[in-house]
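A short write-up of the structure that comes next.
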Amino acid sequence: MPPIKIGVIGCGAIAQVHHMPNLTDLPQLFLVTAVCDISAGAASYIAERFHVPQRFTDYRDLLETDVEAVLLCQSDPKTQVAIDAFDAGKHVFIEKPVCFSLQEMDAILASQQRAATVGQAGYMKVYDPAFEAAKQEVDGMENVRFVQINHLHPDNSLHLKQFHLERFDDIPAEAKAAVETARKAAVYQAIGEVTPEVVHAFHLMCGSLIHDLYGLRAMMGMPERVVSTEIWQEGRAVSVTLAYANGARCVASWVDLSNLWDFKETLEIYGDDKRVVVSYPTGFSRGILSTVTVQATDANGVAYRKEPAVDWESAFSREMRHFYRCIREGIPCRTPLTDARLDVGLIIQMIERYLGK
């Protein structure tokens, strides 16, 4: 089968560090024929660096080309671009966060239904070989009692400086203003009029804690309720307790430790006789593997510990391979936009719990 002609909208850090190099390394699956960014400099840089024949500053011009699929990784919100892409008959891959509000999500889903094309959320961690190995272990556990998530997050600039990134200061003022206005409107639609502290926490939940939440959902299903939400450190830290129907609890914490180099993100699942721990590197890294550790007691009462070897291919590449198969082979999407709606709703519930609603 021929490679899929794909257009990339958004030429910032995630495109430069991951998506463009990975798509280039999958020539049998994808052919990037167009890129777009509201920064003309960024679009030109990516086009020249990766030998892409077409470049645009208006995404609507890209949608008029013969691309079969688009990858959306531009500044949020992505909602109108996603809707227009589906309405243009394209398959659409949307980097997280897909959107902020349930109303946005429903509009995107309606457009996908009209188009009858593939819509995939950029939830790369569930494609991580370590996560997949961990899930096999968890699926065999009879009783999950407790889950703990620790996400200690330095400033991204500490890790981005390990890569050559080009940034441009040529975005028209009116374009910047339009993006900011749309973002504020989407956040207001999601959680109403709240303090700057809560807005900051909401953004970190949508943009970073979301990785932990969708992985947790894939492991455990949806929680029965949000027990509590705490926001502190001027919105730069969040702790949430979730309850599950079997009585299990999850305690999830996300903390901004701006100047600490050591990124830490773990998903820990505890049962009566087994513990499974997944540890992730920062998303702004290449070639650093996630790990999975299993500690348990065997049938003879002997305690053991193992760290299964995992494949070296990055989760970003694996999710794009899956996107290809969804389009060309018609397999079910593992991270569909319908599931992303569950995550949007859960984050809103977390904020509402903090607000006492």
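Ordering of the structure tokens sets the chain letters (A, B, ...), residue numbers begin anew at 1 in every chain, and ligands are numbered from 1 in the order given.
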Using only C-alpha atoms, find each residue of region 54-149 of chain A with at least one atom at most 12 Å away from an atom of region 167-178 of chain A; report its shortest atom-to-atom pair and that distance in Å (one decimal), sort the rows by chain and rising residue number, and return the result as a Markdown table.
```
| residue | atom | partner | partner_atom | distance |
| --- | --- | --- | --- | --- |
| A:Thr57 | CA | A:Ile171 | CA | 9.7 |
| A:Asp58 | CA | A:Ala175 | CA | 10.7 |
| A:Ser75 | CA | A:Lys176 | CA | 10.0 |
| A:Asp76 | CA | A:Ala178 | CA | 11.1 |
| A:Pro77 | CA | A:Ala178 | CA | 10.5 |
```
**OP:** List the neighbours of region 18-23 of chain A out to 10 Å using only C-alpha atoms; skip same-chain residues closer than 4 positions along the sequence, and give me the result as a list in words.
**Re:**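 Residues near the query, excluding close chain neighbours: Ile6, Val8, Cys11, Ala13, Ile14, Pro27, Gln28, Leu29, Phe30, Leu31, Val32, Val35, Ile46, Ala47, Arg49, Phe50, Leu71, Cys73, Gly283, Phe284, Ser285, Arg286, Ser314, Phe316, Ser317, Arg318, Met320 and Arg321 of chain A.
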Subject >> Nearest candidate to Gln162 (chain A) (options A:Gly10, A:Val52, A:Val17, A:Ala134; using only C-alpha atoms) >> reply: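 Closest residue, counting only C-alpha atoms: A:Val17.
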**OP:** Identify all residues of region 173-316 of chain A in strand (DSSP E) (DSSP on the backbone) and supply them as a ChimeraX atom specification.
**Re:** /A:225-232,237-243,249-256,264-271,274-280,291-297,303-306
Original post:
Excluding same-chain residues fewer than 6 positions from Ile351 (chain A), what lies within 10 Å of it counting only C-alpha atoms, as a list in words?
Top reply: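 The residues satisfying every condition are Ala190, Ile191, Val194, Val198, Val199, Ala201, Phe202, Met205, Val226, Ser228, Thr229, Glu230, Ile231, Val240 and Lys357 of chain A.
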Any chance you could export the current selection's C-alpha atoms as a CSV table (one decimal), in the first residue's frame?
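Saved to selection_33.csv:
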```
chain,number,residue,atom,x,y,z
A,190,ALA,CA,-15.2,24.3,30.5
A,191,ILE,CA,-14.9,25.6,34.1
A,194,VAL,CA,-12.3,31.0,38.2
A,198,VAL,CA,-7.3,27.5,39.1
A,199,VAL,CA,-6.8,28.4,35.4
A,201,ALA,CA,-3.9,24.2,37.4
A,202,PHE,CA,-6.5,23.4,34.7
A,205,MET,CA,-4.0,19.0,34.0
A,226,VAL,CA,-13.6,12.3,42.4
A,228,SER,CA,-11.0,15.3,46.5
A,229,THR,CA,-8.9,17.8,44.6
A,230,GLU,CA,-6.3,20.1,46.1
A,231,ILE,CA,-4.6,22.9,44.2
A,240,VAL,CA,-6.4,14.3,43.3
A,357,LYS,CA,-19.5,21.9,43.1
```
Original post:
What separation in Å, quoted to one decimal, exists between CA of Arg145 (chain A) and CA of Asn246 (chain A)?
Top reply: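 Going from CA of Arg145 (chain A) over to CA of Asn246 (chain A), I get 8.3 Å.
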**OP:** Extract, using only C-alpha atoms, all DNA, RNA and protein residues at most 6 Å from Phe86 (chain A), discarding same-chain residues fewer than 5 positions from it, and format them as a PyMOL selection string.
**Re:** chain A and resi 111-112+115
Next, write the just-selected residues to a file, as a PDB file, in the first residue's frame, keeping N, CA and C atoms as the atom set.
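part11.pdb, freshly written:
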```pdb
ATOM      1  N   SER A 111     -18.285  16.300  13.844  1.00  0.00           N
ATOM      2  CA  SER A 111     -17.632  16.479  12.543  1.00  0.00           C
ATOM      3  C   SER A 111     -16.954  15.186  12.091  1.00  0.00           C
ATOM      4  N   GLN A 112     -16.375  14.453  13.027  1.00  0.00           N
ATOM      5  CA  GLN A 112     -15.769  13.171  12.657  1.00  0.00           C
ATOM      6  C   GLN A 112     -16.829  12.187  12.172  1.00  0.00           C
ATOM      7  N   ALA A 115     -17.726  12.933   8.690  1.00  0.00           N
ATOM      8  CA  ALA A 115     -16.656  12.588   7.743  1.00  0.00           C
ATOM      9  C   ALA A 115     -16.452  11.091   7.608  1.00  0.00           C
TER      10      ALA A 115
END
```
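With CA of Leu337 (chain A) on one side and CA of Val227 (chain A) on the other, the separation reads 25.9 Å.
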Closest contacts (region 77-150 of chain A/region 343-346 of chain A, max 9 Å, only C-alpha atoms) as CSV:
```
residue,atom,partner,partner_atom,distance
A:Pro97,CA,A:Val344,CA,8.6
A:Val98,CA,A:Val344,CA,8.5
A:Cys99,CA,A:Val344,CA,7.5
A:Phe100,CA,A:Val344,CA,6.5
A:Ser101,CA,A:Val344,CA,6.6
A:Leu102,CA,A:Gly345,CA,6.6
A:Met105,CA,A:Val344,CA,8.1
```
Next, write the just-selected residues to a file, as a PDB file, in the first residue's frame, keeping N, CA and C atoms as the atom set.
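The resulting file, selection_5.pdb, is shown below:
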```pdb
ATOM      1  N   PRO A  97      -3.547  18.530  24.515  1.00  0.00           N
ATOM      2  CA  PRO A  97      -4.929  18.180  24.791  1.00  0.00           C
ATOM      3  C   PRO A  97      -5.792  18.340  23.542  1.00  0.00           C
ATOM      4  N   VAL A  98      -6.709  17.422  23.362  1.00  0.00           N
ATOM      5  CA  VAL A  98      -7.584  17.518  22.194  1.00  0.00           C
ATOM      6  C   VAL A  98      -8.373  18.820  22.248  1.00  0.00           C
ATOM      7  N   CYS A  99      -8.902  19.127  23.438  1.00  0.00           N
ATOM      8  CA  CYS A  99      -9.658  20.371  23.641  1.00  0.00           C
ATOM      9  C   CYS A  99      -9.854  20.553  25.141  1.00  0.00           C
ATOM     10  N   PHE A 100     -10.586  21.584  25.521  1.00  0.00           N
ATOM     11  CA  PHE A 100     -10.781  21.891  26.930  1.00  0.00           C
ATOM     12  C   PHE A 100     -12.182  21.572  27.449  1.00  0.00           C
ATOM     13  N   SER A 101     -13.202  21.739  26.631  1.00  0.00           N
ATOM     14  CA  SER A 101     -14.579  21.621  27.113  1.00  0.00           C
ATOM     15  C   SER A 101     -15.311  20.461  26.448  1.00  0.00           C
ATOM     16  N   LEU A 102     -16.358  20.014  27.103  1.00  0.00           N
ATOM     17  CA  LEU A 102     -17.187  18.949  26.528  1.00  0.00           C
ATOM     18  C   LEU A 102     -17.929  19.440  25.294  1.00  0.00           C
ATOM     19  N   MET A 105     -15.565  19.116  22.497  1.00  0.00           N
ATOM     20  CA  MET A 105     -15.388  17.703  22.184  1.00  0.00           C
ATOM     21  C   MET A 105     -16.557  17.173  21.376  1.00  0.00           C
TER      22      MET A 105
END
```
Original post:
In Å, with one decimal, what is the gap from CA of Met219 (chain A) to CA of Arg305 (chain A)?
Top reply: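 Interatomic distance, CA of Met219 (chain A) to CA of Arg305 (chain A): 20.7 Å.
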Shell around region 258-268 of chain A at 6 Å using only C-alpha atoms, local window under 2 positions removed, as a short mmCIF file (atom, residue, chain, number, x, y, z; two decimals) with N, CA and C atoms, in the first residue's frame:
```
data_model
loop_
_atom_site.label_atom_id
_atom_site.label_comp_id
_atom_site.auth_asym_id
_atom_site.auth_seq_id
_atom_site.Cartn_x
_atom_site.Cartn_y
_atom_site.Cartn_z
N VAL A 147 -3.62 2.76 43.71
CA VAL A 147 -2.83 3.26 42.59
C VAL A 147 -2.24 4.59 43.00
N GLN A 148 -0.98 4.79 42.66
CA GLN A 148 -0.34 6.07 42.96
C GLN A 148 0.33 6.62 41.71
N ILE A 149 0.10 7.89 41.45
CA ILE A 149 0.73 8.59 40.34
C ILE A 149 1.56 9.72 40.92
N ASN A 150 2.82 9.76 40.54
CA ASN A 150 3.71 10.87 40.90
C ASN A 150 4.24 11.48 39.62
N HIS A 151 3.99 12.75 39.44
CA HIS A 151 4.45 13.45 38.24
C HIS A 151 5.15 14.72 38.71
N LEU A 152 6.48 14.65 38.79
CA LEU A 152 7.29 15.77 39.26
C LEU A 152 7.94 16.38 38.03
N HIS A 153 7.54 17.60 37.69
CA HIS A 153 7.78 18.14 36.36
C HIS A 153 8.65 19.38 36.39
N PRO A 154 9.88 19.29 35.88
CA PRO A 154 10.72 20.49 35.74
C PRO A 154 10.22 21.36 34.58
N ASP A 155 10.80 22.52 34.45
CA ASP A 155 10.51 23.37 33.30
C ASP A 155 10.99 22.66 32.03
N ASP A 256 5.03 21.08 39.98
CA ASP A 256 6.01 21.83 39.19
C ASP A 256 7.24 22.11 40.05
N VAL A 276 3.07 -3.26 40.34
CA VAL A 276 3.57 -2.98 39.00
C VAL A 276 3.84 -1.48 38.91
N VAL A 277 5.05 -1.12 38.52
CA VAL A 277 5.44 0.29 38.46
C VAL A 277 5.97 0.60 37.06
N VAL A 278 5.39 1.61 36.42
CA VAL A 278 5.89 2.11 35.14
C VAL A 278 6.54 3.46 35.39
N SER A 279 7.76 3.64 34.88
CA SER A 279 8.48 4.91 35.01
C SER A 279 8.75 5.45 33.62
N TYR A 280 8.36 6.72 33.41
CA TYR A 280 8.50 7.34 32.10
C TYR A 280 9.60 8.41 32.11
#
```
Original post:
Which neighbours of Tyr304 (chain A) fall inside 10 Å, counting only C-alpha atoms, when residues of the same chain fewer than 2 positions from it are skipped, and could you give them as an MDAnalysis selection string?
Top reply: chainID A and resid 274 294:298 301:302 306
Could you write those residues out with N, CA and C atoms, as a JSON list (two decimals), in the first residue's frame?
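Full text of again_9.json as output:
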```json
[["chain", "number", "residue", "atom", "x", "y", "z"],
["A", 274, "LYS", "N", 0.95, -8.21, 44.44],
["A", 274, "LYS", "CA", 1.75, -7.77, 43.30],
["A", 274, "LYS", "C", 1.78, -6.25, 43.23],
["A", 294, "VAL", "N", 8.10, -5.23, 38.19],
["A", 294, "VAL", "CA", 7.06, -6.06, 38.79],
["A", 294, "VAL", "C", 7.63, -6.71, 40.05],
["A", 295, "GLN", "N", 6.93, -6.56, 41.15],
["A", 295, "GLN", "CA", 7.27, -7.24, 42.40],
["A", 295, "GLN", "C", 6.06, -8.03, 42.85],
["A", 296, "ALA", "N", 6.28, -9.30, 43.19],
["A", 296, "ALA", "CA", 5.14, -10.16, 43.53],
["A", 296, "ALA", "C", 5.61, -11.33, 44.37],
["A", 297, "THR", "N", 4.64, -12.16, 44.74],
["A", 297, "THR", "CA", 4.90, -13.40, 45.46],
["A", 297, "THR", "C", 4.34, -14.55, 44.65],
["A", 298, "ASP", "N", 5.16, -15.55, 44.38],
["A", 298, "ASP", "CA", 4.70, -16.64, 43.53],
["A", 298, "ASP", "C", 3.86, -17.65, 44.31],
["A", 301, "GLY", "N", 5.02, -18.88, 47.63],
["A", 301, "GLY", "CA", 5.26, -17.91, 48.68],
["A", 301, "GLY", "C", 6.61, -17.24, 48.61],
["A", 302, "VAL", "N", 7.27, -17.36, 47.46],
["A", 302, "VAL", "CA", 8.59, -16.76, 47.30],
["A", 302, "VAL", "C", 8.45, -15.40, 46.62],
["A", 306, "LYS", "N", 11.11, -8.45, 38.94],
["A", 306, "LYS", "CA", 11.58, -8.55, 37.56],
["A", 306, "LYS", "C", 11.39, -7.22, 36.86]]
```
**OP:** Pick out the residues sitting within 10 Å of Phe146 (chain A), and hand them over as a list of chain:residue names; count only C-alpha atoms, and ignore anything fewer than 6 positions along from it in its own chain.
**Re:** A:Ala243, A:Tyr244, A:Gly247, A:Ala248, A:Arg249, A:Cys250, A:Val251, A:Glu268, A:Ile269, A:Tyr270, A:Gly271, A:Asp272, A:Arg275
Put those residues in a file: C-alpha atoms, as a CSV table (one decimal), in the first residue's frame.
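Below you can see part.csv, which holds the result:
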```
chain,number,residue,atom,x,y,z
A,243,ALA,CA,-12.5,6.2,44.0
A,244,TYR,CA,-13.2,3.0,42.0
A,247,GLY,CA,-13.1,0.1,46.6
A,248,ALA,CA,-9.7,1.0,45.2
A,249,ARG,CA,-8.3,4.5,45.5
A,250,CYS,CA,-5.9,6.4,43.3
A,251,VAL,CA,-3.8,9.3,44.6
A,268,GLU,CA,2.2,2.4,40.4
A,269,ILE,CA,-0.5,-0.3,40.7
A,270,TYR,CA,-0.7,-2.2,44.0
A,271,GLY,CA,-2.6,-5.5,44.6
A,272,ASP,CA,-2.7,-7.9,47.5
A,275,ARG,CA,3.1,-4.3,42.6
```
Subject >> Residue nearest Phe323 (chain A) among A:Ile4, A:Leu213, A:Val187, A:Met350 (counting only C-alpha atoms) >> reply: A:Ile4
Original post:
With only C-alpha atoms as the basis for distance, which of A:Ile327, A:Val92, A:Val126, A:Leu160 is at the shortest distance from Tyr214 (chain A)?
Top reply: A:Val126
